[in-house]
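Peer 1: TSV, C-alpha atoms and all ligand atoms, saved as structure.tsv, coming up:
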chain	number	residue	atom	x	y	z
A	121	MET	CA	-26.43	34.09	28.84
A	122	ALA	CA	-22.74	34.58	29.22
A	123	PHE	CA	-19.89	33.11	31.17
A	124	LEU	CA	-18.12	35.70	33.29
A	125	ASP	CA	-14.42	35.81	34.18
A	126	ILE	CA	-13.74	34.96	37.81
A	127	LEU	CA	-11.12	37.06	39.59
A	128	VAL	CA	-8.35	35.00	41.19
A	129	TYR	CA	-6.68	35.65	44.55
A	130	PRO	CA	-4.63	37.76	45.32
A	131	ASP	CA	-6.33	40.11	42.78
A	132	LYS	CA	-6.86	43.43	44.58
A	133	ARG	CA	-10.30	43.85	43.06
A	134	LEU	CA	-11.48	41.11	45.43
A	135	ARG	CA	-10.80	43.62	48.24
A	136	GLN	CA	-13.46	46.08	47.13
A	137	ARG	CA	-16.69	46.53	49.03
A	138	ALA	CA	-19.87	45.84	47.07
A	139	GLU	CA	-22.74	48.35	47.06
A	140	PRO	CA	-26.36	47.52	47.93
A	141	VAL	CA	-28.70	46.83	45.02
A	142	THR	CA	-31.38	49.52	44.72
A	143	VAL	CA	-32.79	48.82	41.25
A	144	PHE	CA	-34.50	45.47	40.55
A	145	ASP	CA	-34.65	45.34	36.78
A	146	ALA	CA	-33.86	43.16	33.77
A	147	GLU	CA	-30.17	44.02	34.08
A	148	LEU	CA	-30.10	42.53	37.60
A	149	GLU	CA	-31.91	39.41	36.35
A	150	LYS	CA	-29.32	39.02	33.59
A	151	LEU	CA	-26.48	39.41	36.08
A	152	VAL	CA	-28.01	36.70	38.29
A	153	GLN	CA	-28.45	34.37	35.29
A	154	ASP	CA	-24.90	34.94	34.08
A	155	MET	CA	-23.53	34.41	37.59
A	156	ALA	CA	-25.50	31.16	37.92
A	157	GLU	CA	-24.20	29.90	34.57
A	158	THR	CA	-20.66	30.83	35.55
A	159	MET	CA	-20.99	29.09	38.93
A	160	TYR	CA	-22.46	25.88	37.42
A	161	ALA	CA	-19.79	25.78	34.71
A	162	ALA	CA	-16.87	26.30	37.11
A	163	PRO	CA	-18.26	24.15	38.87
A	164	GLY	CA	-18.93	25.71	42.27
A	165	ILE	CA	-21.65	25.95	44.91
A	166	GLY	CA	-21.61	29.71	45.49
A	167	LEU	CA	-20.56	32.93	43.79
A	168	ALA	CA	-20.59	36.59	44.85
A	169	ALA	CA	-20.86	39.35	42.23
A	170	ILE	CA	-17.57	40.88	43.34
A	171	GLN	CA	-15.82	37.69	42.15
A	172	VAL	CA	-16.86	38.60	38.59
A	173	ASN	CA	-15.86	42.22	39.21
A	174	VAL	CA	-19.39	43.57	39.69
A	175	LEU	CA	-19.63	45.72	42.81
A	176	LYS	CA	-23.16	44.76	43.80
A	177	ARG	CA	-24.39	42.84	46.83
A	178	VAL	CA	-25.56	39.82	44.85
A	179	VAL	CA	-24.94	36.15	45.73
A	180	VAL	CA	-25.97	32.96	43.91
A	181	MET	CA	-25.74	29.51	45.43
A	182	ASP	CA	-26.78	25.95	44.73
A	183	LEU	CA	-26.07	23.35	47.38
A	184	SER	CA	-28.14	20.55	45.81
A	185	GLU	CA	-26.56	17.44	44.34
A	186	GLU	CA	-28.74	17.64	41.24
A	187	LYS	CA	-27.83	21.33	40.71
A	188	ASN	CA	-31.46	22.30	40.34
A	189	ASP	CA	-31.98	24.47	43.41
A	190	LEU	CA	-30.61	27.94	42.62
A	191	LYS	CA	-30.73	30.30	45.58
A	192	VAL	CA	-30.37	34.05	45.03
A	193	PHE	CA	-29.57	36.50	47.82
A	194	ILE	CA	-29.71	40.22	47.08
A	195	ASN	CA	-28.36	42.53	49.81
A	196	PRO	CA	-27.93	39.64	52.25
A	197	GLU	CA	-27.45	40.42	55.93
A	198	ILE	CA	-26.44	37.89	58.55
A	199	THR	CA	-27.26	37.82	62.23
A	200	PRO	CA	-25.12	35.31	64.15
A	201	LEU	CA	-27.34	33.21	66.45
A	202	GLU	CA	-25.38	30.46	68.19
A	203	GLY	CA	-22.56	27.95	68.18
A	204	THR	CA	-19.43	27.54	66.09
A	205	GLN	CA	-18.57	25.06	63.37
A	206	GLU	CA	-15.51	24.22	61.37
A	207	PHE	CA	-15.72	23.39	57.72
A	208	GLU	CA	-13.21	22.69	54.97
A	209	GLU	CA	-13.79	25.63	52.61
A	210	GLY	CA	-12.81	26.29	49.05
A	211	CYS	CA	-13.48	29.20	46.70
A	212	LEU	CA	-13.71	29.71	42.94
A	213	SER	CA	-11.36	32.69	43.37
A	214	VAL	CA	-8.80	30.52	45.18
A	215	PRO	CA	-8.64	27.48	42.90
A	216	GLY	CA	-7.21	24.24	44.27
A	217	VAL	CA	-6.93	25.50	47.86
A	218	PHE	CA	-9.03	24.08	50.69
A	219	ALA	CA	-8.71	24.94	54.36
A	220	SER	CA	-10.66	24.62	57.55
A	221	VAL	CA	-12.34	27.81	58.79
A	222	GLU	CA	-14.27	28.34	62.01
A	223	ARG	CA	-17.57	30.16	61.66
A	224	VAL	CA	-20.84	30.72	63.49
A	225	GLU	CA	-23.03	27.61	63.39
A	226	ARG	CA	-26.54	29.03	63.29
A	227	VAL	CA	-27.40	32.32	61.58
A	228	ARG	CA	-30.41	34.32	60.49
A	229	ILE	CA	-30.32	35.58	56.91
A	230	ASN	CA	-32.28	38.61	55.74
A	231	ALA	CA	-32.14	39.19	52.00
A	232	MET	CA	-34.23	39.94	48.92
A	233	ASP	CA	-35.02	37.88	45.88
A	234	VAL	CA	-34.29	39.08	42.35
A	235	LYS	CA	-37.63	40.96	42.28
A	236	GLY	CA	-36.83	42.81	45.49
A	237	ASN	CA	-39.13	40.79	47.76
A	238	PRO	CA	-37.59	40.50	51.23
A	239	PHE	CA	-37.28	37.12	52.93
A	240	GLU	CA	-35.83	35.76	56.14
A	241	LEU	CA	-34.55	32.34	57.11
A	242	GLU	CA	-32.64	30.68	59.91
A	243	THR	CA	-30.15	28.04	58.99
A	244	ASP	CA	-27.10	26.04	60.01
A	245	GLY	CA	-24.75	23.58	58.33
A	246	LEU	CA	-23.54	24.13	54.79
A	247	LEU	CA	-25.95	26.95	53.91
A	248	SER	CA	-24.82	28.87	56.98
A	249	VAL	CA	-21.13	28.38	56.12
A	250	CYS	CA	-21.71	29.32	52.52
A	251	ILE	CA	-23.65	32.52	53.14
A	252	GLN	CA	-21.02	33.68	55.65
A	253	HIS	CA	-18.30	32.98	53.06
A	254	GLU	CA	-20.21	34.88	50.34
A	255	VAL	CA	-21.08	37.88	52.52
A	256	ASP	CA	-17.38	38.09	53.38
A	257	HIS	CA	-16.72	38.46	49.63
A	258	LEU	CA	-19.20	41.35	49.45
A	259	ASN	CA	-17.13	43.05	52.17
A	260	GLY	CA	-13.82	42.48	50.40
A	261	LYS	CA	-12.80	39.48	52.47
A	262	VAL	CA	-11.59	36.06	51.29
A	263	PHE	CA	-11.55	32.84	53.36
A	264	VAL	CA	-7.73	32.76	53.08
A	265	ASP	CA	-7.73	35.78	55.44
A	266	TYR	CA	-8.67	33.43	58.30
A	267	LEU	CA	-5.50	31.35	57.84
A	268	SER	CA	-2.11	31.95	59.47
A	269	ARG	CA	0.27	34.46	57.83
A	270	MET	CA	2.47	31.59	56.74
A	271	LYS	CA	-0.38	29.74	55.03
A	272	GLN	CA	-1.62	32.97	53.41
A	273	ASP	CA	1.87	33.52	51.99
A	274	ARG	CA	1.99	30.00	50.65
A	275	VAL	CA	-1.42	30.35	48.94
A	276	ARG	CA	-0.45	33.72	47.42
A	277	LYS	CA	2.81	32.37	45.99
A	278	LYS	CA	1.19	29.21	44.63
A	279	LEU	CA	-1.58	31.10	42.84
A	280	LEU	CA	0.71	33.83	41.47
A	281	LYS	CA	2.98	31.15	40.07
A	282	GLU	CA	0.05	29.32	38.44
A	283	GLN	CA	-1.26	32.57	36.94
A	284	LYS	CA	2.17	33.38	35.51
A	285	GLU	CA	2.43	29.91	34.01
A	286	SER	CA	-1.00	29.99	32.40
A	287	ALA	CA	-0.31	33.51	31.05
A	288	SER	CA	2.91	32.38	29.40
A	289	GLN	CA	1.12	29.38	27.92
A	290	ALA	CA	-1.55	31.64	26.47
A	291	ALA	CA	1.03	34.04	24.97
B	1	NI	NI	-15.51	32.26	47.59
What do you get writing this file as structure tokens?
Ligand code: NI
Peer 2:
Amino acid sequence: MAFLDILVYPDKRLRQRAEPVTVFDAELEKLVQDMAETMYAAPGIGLAAIQVNVLKRVVVMDLSEEKNDLKVFINPEITPLEGTQEFEEGCLSVPGVFASVERVERVRINAMDVKGNPFELETDGLLSVCIQHEVDHLNGKVFVDYLSRMKQDRVRKKLLKEQKESASQAA
């Protein structure tokens, strides 16, 4: 297993659109394992492949307190069902920033597991928020995009400054 580097906002590579997975092989299983390790180490509750610069529609997630319930979504698709909810979101690609985002409350998810077996589930609450956040990533979107221009500017400046500082420390 390997830890992967997580791209940090406003990195333009986070704006790419991920491609559907068509081959379910050992390479995909390794990617999923490496993404899970990277997510647990961060630590975070969800990670999309595009955040580690892999342009595939792959998402890993673990919402359990014990961190023993890894969920894998390959080629996830969301159908909005009903309601709206607001949740304070964060993101491994936007470290230290949390902001409230309004999303659909109840959604249907259609996806495949790592072997390519399709599954479907309906959900609300944190899983619903999280899968909407991760599918946004696969489409080149970050939760910061939902904030006001002024807040987006503030987040961009803060993170660019931090990246500059950590780069000069490393040099
Ligand atoms: Ni995120």
Peer 1: Could you pull out the residues sitting within 7 Å of ligand NI 1 (chain B), using all atoms listed in the file, and write them as number ranges by chain?
Peer 2: A: 166-167, 210-213, 253-254, 257, 262
Peer 1: Figure out the distance between atom CA of Lys235 of chain A and atom CA of Val192 of chain A, please, to one decimal in Å.
Peer 2: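 Computed distance, atom CA of Val192 of chain A to atom CA of Lys235 of chain A, equals 10.4 Å.
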Peer 1: Using all atoms listed in the file, which of A:Lys261, A:Lys284, A:Lys187, A:Arg223 sits nearest Arg137 of chain A?
Peer 2: A:Lys261
Peer 1: Between atom CA of Met155 of chain A and atom CA of Leu258 of chain A, what is the distance in Å, rounded to a tenth?
Peer 2: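 Interatomic distance here is 14.4 Å.
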Peer 1: Tell me, as a ChimeraX atom specification, which residues lie within 10 Å of Ala169 of chain A, counting all atoms listed in the file; anything in the same chain fewer than 2 positions away does not count.
Peer 2: /A:126,138,151-152,155,167,171-180,254,257-258
Peer 1: Pick from A:Pro196, A:Glu185, A:Met270, A:Val264: nearest to Glu208 of chain A, with all atoms listed in the file counted?
Peer 2: A:Val264
Peer 1: Please compute the atom CA of Thr158 of chain A-atom CA of Val214 of chain A distance, one decimal, in Å.
Peer 2: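 Between atom CA of Thr158 of chain A and atom CA of Val214 of chain A the gap is 15.3 Å.
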Peer 1: Might you pull out every residue within 6 Å of Phe207 of chain A, with all atoms listed in the file counted and same-chain residues fewer than 2 positions away left off, and present them as a PyMOL selection string?
Peer 2: chain A and resi 209+220-221
Peer 1: So which one's closest to Arg133 of chain A, A:Ala287, A:Ile170, A:Met159, A:Ile165? Using only C-alpha atoms, please.
Peer 2: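 Of A:Ala287, A:Ile170, A:Met159, A:Ile165, the one nearest Arg133 of chain A is A:Ile170, counting only C-alpha atoms.
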Peer 1: Gln283 of chain A: which residues within 9 Å, counting all atoms listed in the file, same-chain residues fewer than 5 positions away excluded, as a list in words?
Peer 2: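 Selected residues are Val128, Lys278 and Ser288 of chain A.
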Peer 1: Considering all atoms listed in the file, state which residue in the set A:Tyr129, A:Leu280, A:Ile194, A:Gly216 is at the smallest distance from Gly164 of chain A.
Peer 2: A:Gly216
